[in-house]
Amino acid sequence: MPANPLLTVVIPCYNEALNIPLLLRRFAEKIDRDDVELLLVNNGSKDNSAEVLAAELPKYPFARTHLVPVNQGYGYGILSGLAQTTAPYIGWTHADMQTDPYDL
């Protein structure tokens, strides 16, 4: 994770275990700076998203996770993630790839 990210992209993940590896790979293809981070919010997932995040995140130094223990909706996941960053530029996107990471 960058020490002082310039940009943090928050991605709420609710039961997205199957999409997380692809999502991280696609962002890795696009992020070519060391001041950009992804914050994947495990938004109360009931599938094995936590295990997938634990296995995948060490491969991607630009990514970290935040846990919301009980899902309280997509908006809450975004707000919870936004509260975890101090980057001057922040944004969010979807974990289900409805927005292509290349659009970053």
# chains A, B, ... in the order shown; residues from 1 in each chain; ligands from 1
$ residues_around --residues "Ile78 of chain A" --least-positions-apart "3" --cutoff "10 Å" --atoms "only C-alpha atoms" --output "list of chain:residue names"
A:Val9, A:Val10, A:Ile11, A:Pro12, A:Cys13, A:Leu39, A:Leu40, A:Val41, A:Asn43, A:Gly73, A:Tyr74, A:Gly75, A:Gly81, A:Leu82, A:Ala83, A:Gly91, A:Trp92, A:Thr93, A:His94
$ residues_around --residues "segment 44-52 of chain A" --least-positions-apart "3" --cutoff "12 Å" --atoms "only C-alpha atoms" --output "NGL selection string"
:A and (12-24 or 40-41 or 55-59 or 64-74 or 76-77 or 80 or 95)
$ atom_distance --atom1 "atom CA of Thr8 of chain A" --atom2 "atom CA of Asp35 of chain A"
8.7 Å
$ atom_distance --atom1 "atom CA of Leu38 of chain A" --atom2 "atom CA of Leu7 of chain A"
8.5 Å
$ select_by_dssp --residues "chain A" --states "helix (DSSP H, G or I)" --output "PyMOL selection string"
chain A and resi 20-30+49-59+74-82+101-103
$ write_last_selection --atoms "N, CA and C atoms" --output "tab-separated table (two decimals), in the first residue's frame"
chain	number	residue	atom	x	y	z
A	20	ILE	N	-13.05	-10.71	-7.54
A	20	ILE	CA	-11.90	-10.03	-6.92
A	20	ILE	C	-10.58	-10.32	-7.64
A	21	PRO	N	-10.24	-11.57	-7.96
A	21	PRO	CA	-8.96	-11.79	-8.66
A	21	PRO	C	-8.89	-11.06	-10.01
A	22	LEU	N	-9.95	-11.12	-10.78
A	22	LEU	CA	-9.97	-10.43	-12.08
A	22	LEU	C	-9.88	-8.91	-11.88
A	23	LEU	N	-10.61	-8.40	-10.95
A	23	LEU	CA	-10.59	-6.96	-10.65
A	23	LEU	C	-9.17	-6.50	-10.32
A	24	LEU	N	-8.50	-7.22	-9.45
A	24	LEU	CA	-7.13	-6.85	-9.07
A	24	LEU	C	-6.17	-6.95	-10.24
A	25	ARG	N	-6.30	-8.00	-11.04
A	25	ARG	CA	-5.44	-8.13	-12.23
A	25	ARG	C	-5.65	-6.98	-13.20
A	26	ARG	N	-6.90	-6.61	-13.43
A	26	ARG	CA	-7.19	-5.53	-14.37
A	26	ARG	C	-6.63	-4.19	-13.87
A	27	PHE	N	-6.78	-3.93	-12.58
A	27	PHE	CA	-6.20	-2.70	-12.04
A	27	PHE	C	-4.68	-2.74	-12.10
A	28	ALA	N	-4.08	-3.89	-11.86
A	28	ALA	CA	-2.61	-4.02	-11.92
A	28	ALA	C	-2.09	-3.70	-13.32
A	29	GLU	N	-2.87	-4.03	-14.33
A	29	GLU	CA	-2.47	-3.72	-15.71
A	29	GLU	C	-2.49	-2.23	-15.98
A	30	LYS	N	-3.26	-1.49	-15.21
A	30	LYS	CA	-3.45	-0.06	-15.48
A	30	LYS	C	-2.68	0.85	-14.54
A	49	SER	N	-15.31	-14.21	0.16
A	49	SER	CA	-14.56	-13.00	-0.23
A	49	SER	C	-13.40	-12.72	0.72
A	50	ALA	N	-13.58	-12.93	2.02
A	50	ALA	CA	-12.51	-12.66	2.98
A	50	ALA	C	-11.29	-13.53	2.69
A	51	GLU	N	-11.51	-14.79	2.39
A	51	GLU	CA	-10.40	-15.69	2.08
A	51	GLU	C	-9.72	-15.30	0.77
A	52	VAL	N	-10.52	-14.94	-0.22
A	52	VAL	CA	-9.95	-14.53	-1.51
A	52	VAL	C	-9.13	-13.26	-1.33
A	53	LEU	N	-9.64	-12.30	-0.59
A	53	LEU	CA	-8.88	-11.07	-0.33
A	53	LEU	C	-7.57	-11.39	0.38
A	54	ALA	N	-7.61	-12.25	1.39
A	54	ALA	CA	-6.40	-12.60	2.13
A	54	ALA	C	-5.37	-13.27	1.22
A	55	ALA	N	-5.82	-14.08	0.28
A	55	ALA	CA	-4.90	-14.76	-0.63
A	55	ALA	C	-4.38	-13.85	-1.74
A	56	GLU	N	-5.22	-12.96	-2.23
A	56	GLU	CA	-4.86	-12.14	-3.39
A	56	GLU	C	-4.11	-10.85	-3.06
A	57	LEU	N	-4.48	-10.19	-1.98
A	57	LEU	CA	-3.91	-8.87	-1.71
A	57	LEU	C	-2.39	-8.84	-1.55
A	58	PRO	N	-1.75	-9.87	-0.99
A	58	PRO	CA	-0.27	-9.81	-0.93
A	58	PRO	C	0.41	-9.70	-2.29
A	59	LYS	N	-0.27	-10.08	-3.34
A	59	LYS	CA	0.28	-10.00	-4.70
A	59	LYS	C	0.23	-8.57	-5.26
A	74	TYR	N	-24.84	-0.82	-0.26
A	74	TYR	CA	-23.74	-0.37	-1.13
A	74	TYR	C	-23.21	1.00	-0.70
A	75	GLY	N	-24.11	1.93	-0.44
A	75	GLY	CA	-23.70	3.28	-0.04
A	75	GLY	C	-22.91	3.28	1.25
A	76	TYR	N	-23.32	2.46	2.21
A	76	TYR	CA	-22.59	2.37	3.46
A	76	TYR	C	-21.18	1.82	3.22
A	77	GLY	N	-21.07	0.86	2.32
A	77	GLY	CA	-19.75	0.32	1.99
A	77	GLY	C	-18.83	1.39	1.42
A	78	ILE	N	-19.38	2.22	0.54
A	78	ILE	CA	-18.59	3.32	-0.02
A	78	ILE	C	-18.17	4.28	1.09
A	79	LEU	N	-19.14	4.73	1.88
A	79	LEU	CA	-18.83	5.71	2.93
A	79	LEU	C	-17.84	5.15	3.95
A	80	SER	N	-17.97	3.88	4.27
A	80	SER	CA	-17.04	3.25	5.20
A	80	SER	C	-15.62	3.26	4.63
A	81	GLY	N	-15.50	2.96	3.36
A	81	GLY	CA	-14.19	3.00	2.71
A	81	GLY	C	-13.62	4.40	2.62
A	82	LEU	N	-14.47	5.36	2.26
A	82	LEU	CA	-14.00	6.74	2.16
A	82	LEU	C	-13.47	7.25	3.50
A	101	PRO	N	-11.87	-1.15	-15.09
A	101	PRO	CA	-10.75	-0.50	-14.39
A	101	PRO	C	-9.91	0.39	-15.31
A	102	TYR	N	-9.92	0.12	-16.61
A	102	TYR	CA	-9.17	0.96	-17.55
A	102	TYR	C	-9.71	2.39	-17.58
A	103	ASP	N	-10.94	2.60	-17.14
A	103	ASP	CA	-11.50	3.94	-17.11
A	103	ASP	C	-10.84	4.83	-16.05
$ atom_distance --atom1 "atom CA of Pro61 of chain A" --atom2 "atom CA of Asn4 of chain A"
13.1 Å
$ closest_residue --among "A:Asp96, A:Glu37, A:Pro5, A:Asp32" --to "Ala63 of chain A" --atoms "only C-alpha atoms"
A:Glu37
$ select_by_dssp --residues "segment 31-80 of chain A" --states "strand (DSSP E or B)" --output "compact mmCIF listing (two decimals) with N, CA and C atoms, in the first residue's frame"
# COMPACT_ATOMS: atom_id res chain seq x y z
N VAL A 36 -1.08 5.48 -6.02
CA VAL A 36 -2.49 5.13 -6.21
C VAL A 36 -2.76 3.86 -5.41
N GLU A 37 -3.87 3.86 -4.68
CA GLU A 37 -4.23 2.65 -3.94
C GLU A 37 -5.67 2.27 -4.20
N LEU A 38 -5.94 0.97 -4.07
CA LEU A 38 -7.29 0.44 -4.08
C LEU A 38 -7.64 0.04 -2.66
N LEU A 39 -8.83 0.38 -2.24
CA LEU A 39 -9.33 -0.05 -0.95
C LEU A 39 -10.57 -0.90 -1.20
N LEU A 40 -10.41 -2.20 -1.08
CA LEU A 40 -11.52 -3.12 -1.29
C LEU A 40 -12.23 -3.31 0.04
N VAL A 41 -13.47 -2.88 0.10
CA VAL A 41 -14.26 -2.96 1.32
C VAL A 41 -15.04 -4.27 1.30
N ASN A 42 -14.69 -5.18 2.20
CA ASN A 42 -15.47 -6.40 2.34
C ASN A 42 -16.74 -6.01 3.08
N ASN A 43 -17.78 -5.82 2.31
CA ASN A 43 -19.01 -5.21 2.78
C ASN A 43 -19.98 -6.24 3.35
N ALA A 63 -2.98 -2.44 -3.08
CA ALA A 63 -4.33 -2.73 -2.61
C ALA A 63 -4.34 -3.12 -1.13
N ARG A 64 -5.44 -2.75 -0.48
CA ARG A 64 -5.68 -3.15 0.91
C ARG A 64 -7.17 -3.36 1.10
N THR A 65 -7.53 -3.84 2.27
CA THR A 65 -8.94 -4.12 2.51
C THR A 65 -9.40 -3.50 3.82
N HIS A 66 -10.69 -3.33 3.91
CA HIS A 66 -11.35 -2.85 5.12
C HIS A 66 -12.61 -3.69 5.28
N LEU A 67 -12.89 -4.12 6.50
CA LEU A 67 -14.03 -4.98 6.76
C LEU A 67 -15.20 -4.21 7.36
N VAL A 68 -16.35 -4.36 6.74
CA VAL A 68 -17.62 -3.96 7.32
C VAL A 68 -18.27 -5.29 7.73
$ decode --residues "segment 28-48 of chain A" --atoms "C-alpha atoms" --output "PDB file, in the first residue's frame"
ATOM      1  CA  ALA A  28      -2.613  -4.016 -11.925  1.00  0.00           C
ATOM      2  CA  GLU A  29      -2.471  -3.724 -15.710  1.00  0.00           C
ATOM      3  CA  LYS A  30      -3.453  -0.063 -15.479  1.00  0.00           C
ATOM      4  CA  ILE A  31      -1.857   1.314 -12.299  1.00  0.00           C
ATOM      5  CA  ASP A  32       1.646   2.421 -13.209  1.00  0.00           C
ATOM      6  CA  ARG A  33       2.219   4.808 -10.312  1.00  0.00           C
ATOM      7  CA  ASP A  34       3.177   4.215  -6.698  1.00  0.00           C
ATOM      8  CA  ASP A  35       0.794   6.825  -5.268  1.00  0.00           C
ATOM      9  CA  VAL A  36      -2.488   5.127  -6.209  1.00  0.00           C
ATOM     10  CA  GLU A  37      -4.232   2.650  -3.941  1.00  0.00           C
ATOM     11  CA  LEU A  38      -7.293   0.442  -4.080  1.00  0.00           C
ATOM     12  CA  LEU A  39      -9.334  -0.051  -0.948  1.00  0.00           C
ATOM     13  CA  LEU A  40     -11.524  -3.123  -1.293  1.00  0.00           C
ATOM     14  CA  VAL A  41     -14.260  -2.959   1.321  1.00  0.00           C
ATOM     15  CA  ASN A  42     -15.465  -6.403   2.345  1.00  0.00           C
ATOM     16  CA  ASN A  43     -19.011  -5.205   2.781  1.00  0.00           C
ATOM     17  CA  GLY A  44     -20.364  -7.974   5.020  1.00  0.00           C
ATOM     18  CA  SER A  45     -19.865 -10.698   2.415  1.00  0.00           C
ATOM     19  CA  LYS A  46     -21.312 -14.120   3.171  1.00  0.00           C
ATOM     20  CA  ASP A  47     -19.286 -15.967   0.527  1.00  0.00           C
ATOM     21  CA  ASN A  48     -15.541 -16.573   0.717  1.00  0.00           C
TER      22      ASN A  48
END
